[in-house]
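The file structure-v7.pdb contains PDB, C-alpha atoms, pLDDT in the B column:
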```pdb
ATOM      1  CA  MET A   1     123.273  85.170 117.402  1.00 83.00           C
ATOM      2  CA  ASN A   2     119.777  86.626 117.469  1.00 91.00           C
ATOM      3  CA  SER A   3     116.773  84.540 116.586  1.00 96.00           C
ATOM      4  CA  LEU A   4     114.592  86.543 114.196  1.00 97.00           C
ATOM      5  CA  HIS A   5     111.102  85.866 112.905  1.00 98.00           C
ATOM      6  CA  ILE A   6     110.994  86.813 109.213  1.00 98.00           C
ATOM      7  CA  LEU A   7     107.619  87.408 107.521  1.00 98.00           C
ATOM      8  CA  TYR A   8     106.976  87.573 103.766  1.00 98.00           C
ATOM      9  CA  PHE A   9     103.966  89.178 102.110  1.00 98.00           C
ATOM     10  CA  GLY A  10     102.345  89.662  98.705  1.00 97.00           C
ATOM     11  CA  SER A  11     104.445  88.802  95.664  1.00 96.00           C
ATOM     12  CA  ILE A  12     107.492  88.138  97.873  1.00 97.00           C
ATOM     13  CA  ARG A  13     105.668  85.218  99.483  1.00 96.00           C
ATOM     14  CA  ASP A  14     105.366  83.624  96.040  1.00 95.00           C
ATOM     15  CA  ILE A  15     109.139  83.960  95.597  1.00 96.00           C
ATOM     16  CA  THR A  16     110.109  82.591  99.013  1.00 97.00           C
ATOM     17  CA  GLY A  17     107.456  79.878  98.923  1.00 97.00           C
ATOM     18  CA  THR A  18     106.776  80.438 102.612  1.00 97.00           C
ATOM     19  CA  SER A  19     104.978  83.061 104.695  1.00 97.00           C
ATOM     20  CA  SER A  20     107.493  83.050 107.541  1.00 98.00           C
ATOM     21  CA  GLU A  21     110.654  81.492 108.894  1.00 97.00           C
ATOM     22  CA  HIS A  22     113.039  81.790 111.824  1.00 97.00           C
ATOM     23  CA  LEU A  23     116.627  82.816 111.139  1.00 96.00           C
ATOM     24  CA  SER A  24     119.691  83.281 113.328  1.00 96.00           C
ATOM     25  CA  HIS A  25     121.477  86.502 112.490  1.00 94.00           C
ATOM     26  CA  ALA A  26     124.081  88.588 114.302  1.00 91.00           C
ATOM     27  CA  GLY A  27     124.622  91.534 111.933  1.00 92.00           C
ATOM     28  CA  THR A  28     122.801  94.664 110.861  1.00 94.00           C
ATOM     29  CA  LEU A  29     119.381  94.817 109.230  1.00 95.00           C
ATOM     30  CA  SER A  30     121.053  95.788 105.971  1.00 94.00           C
ATOM     31  CA  GLU A  31     123.202  92.654 106.129  1.00 94.00           C
ATOM     32  CA  LEU A  32     120.142  90.548 106.863  1.00 96.00           C
ATOM     33  CA  ILE A  33     118.425  91.877 103.746  1.00 95.00           C
ATOM     34  CA  SER A  34     121.540  91.031 101.701  1.00 94.00           C
ATOM     35  CA  VAL A  35     121.474  87.490 103.083  1.00 96.00           C
ATOM     36  CA  LEU A  36     117.806  87.151 102.134  1.00 97.00           C
ATOM     37  CA  LYS A  37     118.447  88.516  98.639  1.00 96.00           C
ATOM     38  CA  THR A  38     121.210  85.957  98.146  1.00 96.00           C
ATOM     39  CA  HIS A  39     119.018  83.156  99.441  1.00 96.00           C
ATOM     40  CA  TYR A  40     116.006  84.263  97.367  1.00 97.00           C
ATOM     41  CA  PRO A  41     117.476  85.873  94.209  1.00 96.00           C
ATOM     42  CA  GLY A  42     113.933  86.542  92.965  1.00 95.00           C
ATOM     43  CA  ILE A  43     113.439  89.356  95.480  1.00 96.00           C
ATOM     44  CA  GLN A  44     116.397  91.329  94.119  1.00 93.00           C
ATOM     45  CA  GLY A  45     114.253  92.888  91.428  1.00 89.00           C
ATOM     46  CA  THR A  46     111.300  93.435  93.752  1.00 92.00           C
ATOM     47  CA  ARG A  47     110.468  96.708  95.466  1.00 94.00           C
ATOM     48  CA  PHE A  48     109.734  96.328  99.170  1.00 96.00           C
ATOM     49  CA  GLN A  49     109.800  98.091 102.502  1.00 96.00           C
ATOM     50  CA  VAL A  50     110.997  96.514 105.728  1.00 97.00           C
ATOM     51  CA  SER A  51     109.367  96.652 109.152  1.00 97.00           C
ATOM     52  CA  ILE A  52     110.700  95.670 112.549  1.00 97.00           C
ATOM     53  CA  ASN A  53     108.052  94.723 115.078  1.00 97.00           C
ATOM     54  CA  ARG A  54     105.379  96.266 112.800  1.00 96.00           C
ATOM     55  CA  GLN A  55     107.155  99.630 112.513  1.00 95.00           C
ATOM     56  CA  LEU A  56     108.228 100.667 109.021  1.00 95.00           C
ATOM     57  CA  ILE A  57     111.937 101.354 108.646  1.00 95.00           C
ATOM     58  CA  ARG A  58     112.950 104.429 106.641  1.00 91.00           C
ATOM     59  CA  THR A  59     115.325 103.874 103.702  1.00 86.00           C
ATOM     60  CA  ASP A  60     118.147 105.826 105.377  1.00 87.00           C
ATOM     61  CA  GLU A  61     117.745 103.743 108.537  1.00 87.00           C
ATOM     62  CA  LEU A  62     117.782 100.574 106.484  1.00 86.00           C
ATOM     63  CA  GLN A  63     121.044 101.555 104.839  1.00 84.00           C
ATOM     64  CA  SER A  64     122.745 102.598 108.066  1.00 84.00           C
ATOM     65  CA  ASP A  65     125.311 100.363 109.736  1.00 83.00           C
ATOM     66  CA  THR A  66     123.860 100.933 113.165  1.00 87.00           C
ATOM     67  CA  LEU A  67     120.434  99.331 112.928  1.00 92.00           C
ATOM     68  CA  ARG A  68     120.716  95.834 114.347  1.00 92.00           C
ATOM     69  CA  PRO A  69     117.713  93.615 114.976  1.00 94.00           C
ATOM     70  CA  SER A  70     117.421  92.251 118.509  1.00 95.00           C
ATOM     71  CA  ASP A  71     116.715  88.725 119.608  1.00 95.00           C
ATOM     72  CA  GLY A  72     113.043  87.862 119.026  1.00 97.00           C
ATOM     73  CA  ASP A  73     112.374  90.707 116.588  1.00 97.00           C
ATOM     74  CA  GLU A  74     109.728  90.305 113.907  1.00 98.00           C
ATOM     75  CA  ILE A  75     111.087  91.468 110.538  1.00 98.00           C
ATOM     76  CA  ALA A  76     108.693  91.765 107.590  1.00 98.00           C
ATOM     77  CA  LEU A  77     109.368  92.283 103.886  1.00 98.00           C
ATOM     78  CA  LEU A  78     106.494  94.363 102.509  1.00 98.00           C
ATOM     79  CA  PRO A  79     105.927  94.903  98.777  1.00 97.00           C
ATOM     80  CA  PRO A  80     104.085  98.139  97.880  1.00 97.00           C
ATOM     81  CA  PHE A  81     100.692  98.228  99.592  1.00 97.00           C
ATOM     82  CA  ALA A  82      97.673  97.810  97.348  1.00 96.00           C
ATOM     83  CA  GLY A  83      94.585  98.013  99.502  1.00 92.00           C
ATOM     84  CA  GLY A  84      91.145  99.075  98.368  1.00 88.00           C
TER
ATOM     85  CA  MET B   1      86.419 105.238 119.558  1.00 45.00           C
ATOM     86  CA  GLN B   2      85.254 101.677 119.858  1.00 48.00           C
ATOM     87  CA  LYS B   3      87.512  98.707 119.178  1.00 56.00           C
ATOM     88  CA  GLN B   4      86.898  97.357 115.682  1.00 70.00           C
ATOM     89  CA  LYS B   5      87.774  94.286 113.730  1.00 92.00           C
ATOM     90  CA  HIS B   6      89.112  95.850 110.549  1.00 97.00           C
ATOM     91  CA  LEU B   7      89.700  92.763 108.415  1.00 98.00           C
ATOM     92  CA  ILE B   8      86.730  90.754 107.180  1.00 98.00           C
ATOM     93  CA  GLU B   9      87.087  87.402 105.423  1.00 97.00           C
ATOM     94  CA  GLY B  10      85.452  87.542 101.960  1.00 98.00           C
ATOM     95  CA  PRO B  11      83.313  90.298 100.400  1.00 98.00           C
ATOM     96  CA  LEU B  12      81.624  93.000 102.478  1.00 98.00           C
ATOM     97  CA  THR B  13      77.999  92.017 101.987  1.00 98.00           C
ATOM     98  CA  GLY B  14      75.027  94.357 101.757  1.00 98.00           C
ATOM     99  CA  GLY B  15      73.915  93.172 105.186  1.00 98.00           C
ATOM    100  CA  PHE B  16      77.305  93.952 106.688  1.00 98.00           C
ATOM    101  CA  VAL B  17      77.315  97.449 105.172  1.00 98.00           C
ATOM    102  CA  GLN B  18      73.751  98.063 106.339  1.00 98.00           C
ATOM    103  CA  ASP B  19      74.619  97.039 109.902  1.00 97.00           C
ATOM    104  CA  ARG B  20      77.640  99.355 109.993  1.00 97.00           C
ATOM    105  CA  LEU B  21      75.555 102.224 108.598  1.00 97.00           C
ATOM    106  CA  ALA B  22      72.864 101.642 111.215  1.00 96.00           C
ATOM    107  CA  GLU B  23      75.507 101.576 113.938  1.00 95.00           C
ATOM    108  CA  TYR B  24      77.273 104.760 112.802  1.00 96.00           C
ATOM    109  CA  SER B  25      74.164 106.762 111.959  1.00 93.00           C
ATOM    110  CA  ALA B  26      72.692 106.173 115.416  1.00 89.00           C
ATOM    111  CA  ARG B  27      74.735 108.988 116.938  1.00 89.00           C
ATOM    112  CA  PRO B  28      72.445 111.898 117.706  1.00 92.00           C
ATOM    113  CA  GLU B  29      75.333 114.321 118.213  1.00 92.00           C
ATOM    114  CA  ASP B  30      76.576 113.841 114.609  1.00 96.00           C
ATOM    115  CA  GLY B  31      74.967 115.781 111.754  1.00 97.00           C
ATOM    116  CA  ALA B  32      76.713 114.067 108.824  1.00 98.00           C
ATOM    117  CA  LEU B  33      77.783 110.586 107.813  1.00 97.00           C
ATOM    118  CA  ALA B  34      79.875 110.034 104.679  1.00 98.00           C
ATOM    119  CA  MET B  35      80.594 106.578 103.346  1.00 98.00           C
ATOM    120  CA  PHE B  36      82.876 105.068 100.713  1.00 98.00           C
ATOM    121  CA  LEU B  37      82.360 101.575  99.358  1.00 98.00           C
ATOM    122  CA  GLY B  38      85.112 100.236  97.137  1.00 98.00           C
ATOM    123  CA  GLN B  39      84.352  97.255  94.951  1.00 97.00           C
ATOM    124  CA  VAL B  40      86.221  94.944  92.613  1.00 98.00           C
ATOM    125  CA  ARG B  41      86.110  96.039  88.966  1.00 96.00           C
ATOM    126  CA  SER B  42      85.907  93.569  86.088  1.00 97.00           C
ATOM    127  CA  ASP B  43      88.847  95.279  84.357  1.00 95.00           C
ATOM    128  CA  GLU B  44      89.866  94.202  80.874  1.00 96.00           C
ATOM    129  CA  VAL B  45      93.627  93.574  80.674  1.00 93.00           C
ATOM    130  CA  GLY B  46      94.590  92.749  77.107  1.00 94.00           C
ATOM    131  CA  ASP B  47      92.278  89.886  76.176  1.00 95.00           C
ATOM    132  CA  LYS B  48      91.679  88.940  79.823  1.00 97.00           C
ATOM    133  CA  THR B  49      88.935  89.968  82.221  1.00 98.00           C
ATOM    134  CA  VAL B  50      89.296  90.283  85.987  1.00 98.00           C
ATOM    135  CA  GLU B  51      87.045  87.797  87.748  1.00 98.00           C
ATOM    136  CA  ALA B  52      88.124  88.367  91.349  1.00 98.00           C
ATOM    137  CA  ILE B  53      90.771  89.868  93.609  1.00 98.00           C
ATOM    138  CA  GLU B  54      92.465  87.899  96.347  1.00 98.00           C
ATOM    139  CA  TYR B  55      93.468  90.132  99.261  1.00 98.00           C
ATOM    140  CA  SER B  56      96.050  89.372 101.917  1.00 97.00           C
ATOM    141  CA  ALA B  57      97.139  91.522 104.840  1.00 98.00           C
ATOM    142  CA  TYR B  58      99.728  91.877 107.585  1.00 98.00           C
ATOM    143  CA  GLU B  59      97.002  91.459 110.167  1.00 96.00           C
ATOM    144  CA  GLU B  60      99.108  92.299 113.213  1.00 95.00           C
ATOM    145  CA  MET B  61     100.184  95.594 111.628  1.00 97.00           C
ATOM    146  CA  VAL B  62      96.725  96.699 110.494  1.00 97.00           C
ATOM    147  CA  GLU B  63      95.463  97.775 113.911  1.00 95.00           C
ATOM    148  CA  GLY B  64      98.431 100.081 114.563  1.00 95.00           C
ATOM    149  CA  THR B  65      98.172 101.566 111.067  1.00 97.00           C
ATOM    150  CA  VAL B  66      94.447 102.269 111.465  1.00 97.00           C
ATOM    151  CA  LYS B  67      95.081 103.879 114.867  1.00 96.00           C
ATOM    152  CA  HIS B  68      97.811 106.068 113.383  1.00 96.00           C
ATOM    153  CA  MET B  69      95.665 107.160 110.393  1.00 97.00           C
ATOM    154  CA  THR B  70      92.676 107.864 112.645  1.00 97.00           C
ATOM    155  CA  GLU B  71      94.759 109.988 115.000  1.00 96.00           C
ATOM    156  CA  GLU B  72      96.207 111.934 112.084  1.00 96.00           C
ATOM    157  CA  LEU B  73      92.747 112.592 110.680  1.00 97.00           C
ATOM    158  CA  LEU B  74      91.282 113.593 114.054  1.00 96.00           C
ATOM    159  CA  SER B  75      94.112 116.074 114.549  1.00 97.00           C
ATOM    160  CA  ARG B  76      93.361 117.721 111.193  1.00 97.00           C
ATOM    161  CA  PHE B  77      89.551 117.736 111.085  1.00 98.00           C
ATOM    162  CA  SER B  78      88.122 119.421 114.149  1.00 98.00           C
ATOM    163  CA  ASP B  79      84.551 118.431 113.273  1.00 98.00           C
ATOM    164  CA  LEU B  80      85.368 114.713 112.814  1.00 98.00           C
ATOM    165  CA  ARG B  81      83.628 112.529 115.380  1.00 97.00           C
ATOM    166  CA  SER B  82      84.107 108.902 114.390  1.00 96.00           C
ATOM    167  CA  VAL B  83      85.857 106.722 111.844  1.00 97.00           C
ATOM    168  CA  GLY B  84      85.177 103.177 110.662  1.00 97.00           C
ATOM    169  CA  ILE B  85      87.385 101.120 108.345  1.00 98.00           C
ATOM    170  CA  TRP B  86      86.740  97.565 107.112  1.00 98.00           C
ATOM    171  CA  HIS B  87      88.735  95.740 104.455  1.00 98.00           C
ATOM    172  CA  SER B  88      88.247  92.304 102.955  1.00 98.00           C
ATOM    173  CA  THR B  89      90.782  89.525 103.014  1.00 98.00           C
ATOM    174  CA  GLY B  90      90.611  86.462 100.794  1.00 98.00           C
ATOM    175  CA  ARG B  91      88.747  86.277  97.502  1.00 98.00           C
ATOM    176  CA  VAL B  92      86.292  89.010  96.438  1.00 98.00           C
ATOM    177  CA  GLY B  93      84.512  88.689  93.092  1.00 98.00           C
ATOM    178  CA  ALA B  94      83.977  91.443  90.499  1.00 98.00           C
ATOM    179  CA  GLY B  95      81.064  93.625  91.579  1.00 98.00           C
ATOM    180  CA  GLU B  96      81.531  92.730  95.237  1.00 98.00           C
ATOM    181  CA  ALA B  97      82.707  95.205  97.876  1.00 98.00           C
ATOM    182  CA  SER B  98      86.138  94.995  99.494  1.00 98.00           C
ATOM    183  CA  LEU B  99      86.521  98.303 101.342  1.00 98.00           C
ATOM    184  CA  LEU B 100      84.072 100.204 103.520  1.00 98.00           C
ATOM    185  CA  VAL B 101      84.976 103.527 105.081  1.00 98.00           C
ATOM    186  CA  ILE B 102      82.613 105.585 107.218  1.00 98.00           C
ATOM    187  CA  VAL B 103      83.237 108.941 108.850  1.00 98.00           C
ATOM    188  CA  THR B 104      80.829 110.980 110.921  1.00 98.00           C
ATOM    189  CA  CYS B 105      81.109 114.701 111.587  1.00 98.00           C
ATOM    190  CA  GLY B 106      79.105 117.443 113.170  1.00 97.00           C
ATOM    191  CA  HIS B 107      78.466 118.946 109.720  1.00 97.00           C
ATOM    192  CA  ARG B 108      78.686 117.846 106.081  1.00 97.00           C
ATOM    193  CA  LYS B 109      81.672 119.828 104.798  1.00 97.00           C
ATOM    194  CA  GLN B 110      84.421 118.078 106.727  1.00 98.00           C
ATOM    195  CA  SER B 111      82.750 114.693 106.315  1.00 98.00           C
ATOM    196  CA  PHE B 112      83.405 114.781 102.528  1.00 98.00           C
ATOM    197  CA  GLN B 113      86.963 116.048 102.969  1.00 98.00           C
ATOM    198  CA  ALA B 114      87.876 113.635 105.762  1.00 98.00           C
ATOM    199  CA  LEU B 115      86.413 110.686 103.887  1.00 98.00           C
ATOM    200  CA  GLU B 116      88.385 111.390 100.723  1.00 98.00           C
ATOM    201  CA  GLU B 117      91.570 111.885 102.664  1.00 98.00           C
ATOM    202  CA  LEU B 118      91.068 108.737 104.702  1.00 98.00           C
ATOM    203  CA  VAL B 119      90.543 106.607 101.590  1.00 98.00           C
ATOM    204  CA  GLU B 120      93.825 107.976 100.189  1.00 97.00           C
ATOM    205  CA  LEU B 121      95.601 107.239 103.493  1.00 97.00           C
ATOM    206  CA  ILE B 122      94.249 103.679 103.442  1.00 98.00           C
ATOM    207  CA  LYS B 123      95.464 103.122  99.876  1.00 96.00           C
ATOM    208  CA  LYS B 124      98.905 104.398 100.829  1.00 96.00           C
ATOM    209  CA  ASN B 125      99.407 102.940 104.299  1.00 96.00           C
ATOM    210  CA  LEU B 126      97.259  99.890 104.996  1.00 98.00           C
ATOM    211  CA  PRO B 127      99.433  96.727 104.761  1.00 98.00           C
ATOM    212  CA  VAL B 128      97.192  94.930 102.273  1.00 98.00           C
ATOM    213  CA  TRP B 129      98.135  93.244  98.987  1.00 98.00           C
ATOM    214  CA  LYS B 130      96.030  92.114  96.085  1.00 97.00           C
ATOM    215  CA  LYS B 131      96.304  89.535  93.376  1.00 97.00           C
ATOM    216  CA  GLU B 132      94.021  89.817  90.359  1.00 97.00           C
ATOM    217  CA  TRP B 133      92.487  86.597  89.093  1.00 98.00           C
ATOM    218  CA  PHE B 134      91.319  86.463  85.486  1.00 98.00           C
ATOM    219  CA  THR B 135      88.495  84.449  83.972  1.00 97.00           C
ATOM    220  CA  ASP B 136      91.059  82.182  82.233  1.00 97.00           C
ATOM    221  CA  GLY B 137      92.457  81.090  85.613  1.00 97.00           C
ATOM    222  CA  THR B 138      95.698  83.112  85.444  1.00 98.00           C
ATOM    223  CA  SER B 139      96.652  85.759  88.008  1.00 97.00           C
ATOM    224  CA  ARG B 140      98.990  88.686  88.674  1.00 96.00           C
ATOM    225  CA  TRP B 141     100.013  90.796  91.652  1.00 96.00           C
ATOM    226  CA  ILE B 142      98.949  94.447  91.654  1.00 94.00           C
ATOM    227  CA  GLU B 143     101.488  96.919  93.010  1.00 85.00           C
TER
END
```
If you convert what's in this file into structure tokens, what do you get?
Amino acid sequence: MNSLHILYFGSIRDITGTSSEHLSHAGTLSELISVLKTHYPGIQGTRFQVSINRQLIRTDELQSDTLRPSDGDEIALLPPFAGG
Amino acid sequence: MQKQKHLIEGPLTGGFVQDRLAEYSARPEDGALAMFLGQVRSDEVGDKTVEAIEYSAYEEMVEGTVKHMTEELLSRFSDLRSVGIWHSTGRVGAGEASLLVIVTCGHRKQSFQALEELVELIKKNLPVWKKEWFTDGTSRWIE
């Protein structure tokens, strides 16, 4: 199992009720997102991007079966940016 | 380019803006400085009025994003000399500034173009979120 640091931002933070947590996960990134959506049903209807170690993940990468987070990775769920 | 602190807690005050302008205009090799100051609008939404915006950011990601945007801009504008970006975090009231962008160039033409493009890049890429607070105490996320 890999220990992952999960970060939540913007409206997603209101849904999860926390800004971050540590999770043990052995599968793909796509499976991790499914786990999070099950745990926090509120994010299912929310648009967001995902980053690993501060690098945005493209949608096709996110859906692939090959992208697996590594132990210690920082995964962030990022609603649409709204700076300015 | 010098190392900057891009996120500032609270509104960007007149004094802060003045200091940045003084710093960036003191470059004798640059012929043009263009600046954008974004501020919080007291928008009317239905029967509500925006009183403030609360900004939050993925602080650890901001530096890399700014570096990436700056590099992209420098590769496209040959006359661009320096770039400065500062964004508020926390609560900023209507009429107060939350985003300051400065570019300096050798000449004026590219300074206008680079500034406009950089503001668009910031809107699209900077990992910042905002929640509008209304005068009646309610709030909503802006996406």
Residue with smallest distance to chain B - pool A:Ala82, A:Ala76, A:Leu67, A:Val50, counting all atoms listed in the file: A:Ala82
Test item: the PyMOL selection byres ((chain A and resi 13-21) around 10) resolved as a list in words: Leu4, His5, Ile6, Leu7, Tyr8, Phe9, Gly10, Ser11, Ile12, His22, Leu23, Leu36, His39, Tyr40, Pro41, Gly42, Ile43, Thr46, Glu74, Ile75, Ala76, Leu77, Leu78 and Pro79 of chain A; Trp141 of chain B
May I have a table of the residues of chain A lying at most 6 Å from chain B, giving each one's closest pair of atoms and their distance in Å to one decimal, counting only C-alpha atoms, ordered by chain and ascending residue number, as a tab-separated table?
```
residue	atom	partner	partner_atom	distance
A:Gly10	CA	B:Trp129	CA	5.5
A:Arg54	CA	B:Met61	CA	5.4
A:Pro80	CA	B:Glu143	CA	5.7
A:Phe81	CA	B:Val128	CA	5.5
A:Ala82	CA	B:Trp129	CA	4.9
A:Gly83	CA	B:Val128	CA	4.9
A:Gly84	CA	B:Leu99	CA	5.6
```
Selection dump of the PyMOL selection byres ((chain B and resi 107) around 6), as a list in words: Gly31, Ala32, Cys105, Gly106, Arg108 and Lys109 of chain B
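For the pair atom CA of Ala52 of chain B and atom CA of Glu96 of chain B, the separation is 8.8 Å.
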Ref. answer, residues at most 7 Å from (84.6, 105.4, 105.4) with only C-alpha atoms, as a list of chain:residue names: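 Counting only C-alpha atoms, I find these residues within 7 Å of (84.6, 105.4, 105.4): B:Ala34, B:Met35, B:Phe36, B:Val83, B:Gly84, B:Ile85, B:Leu100, B:Val101, B:Ile102, B:Val103, B:Leu115.
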What are the centre and the three edge lengths of an axis-aligned box that wraps all atoms of segment 60-79 of chain A in the file, given that 3 Å is added to every side, written as AutoDock Vina command-line options and rounded to one decimal in Å?
```
--center_x 115.6 --center_y 96.8 --center_z 109.2 --size_x 25.4 --size_y 24.0 --size_z 26.8
```
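Separating atom CA of Glu132 of chain B from atom CA of Phe48 of chain A is a distance of 19.2 Å.
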Residue contacts of Tyr24 of chain B (8 Å, all atoms listed in the file) excluding same-chain residues fewer than 3 positions away, as JSON, numbers by chain: {"B": [20, 21, 27, 33, 102, 104]}
Exercise: Asp65 of chain A partners within 9 Å, all atoms listed in the file, chain neighbours under 5 positions left out, as JSON, numbers by chain: {"A": [28, 29, 30, 31]}
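Going from atom CA of Glu54 of chain B to atom CA of Gly90 of chain B covers 5.0 Å.
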Explicit residues for the PyMOL selection byres ((chain B and resi 5) around 9) (as a PyMOL selection string): chain B and resi 3-4+6-8+63+85-86
Nearest-residue call for Phe77 of chain B, choices B:Gln113, B:Thr138, B:Thr49, B:Ser42, using all atoms listed in the file: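 So, comparing all the options, the nearest one is B:Gln113.
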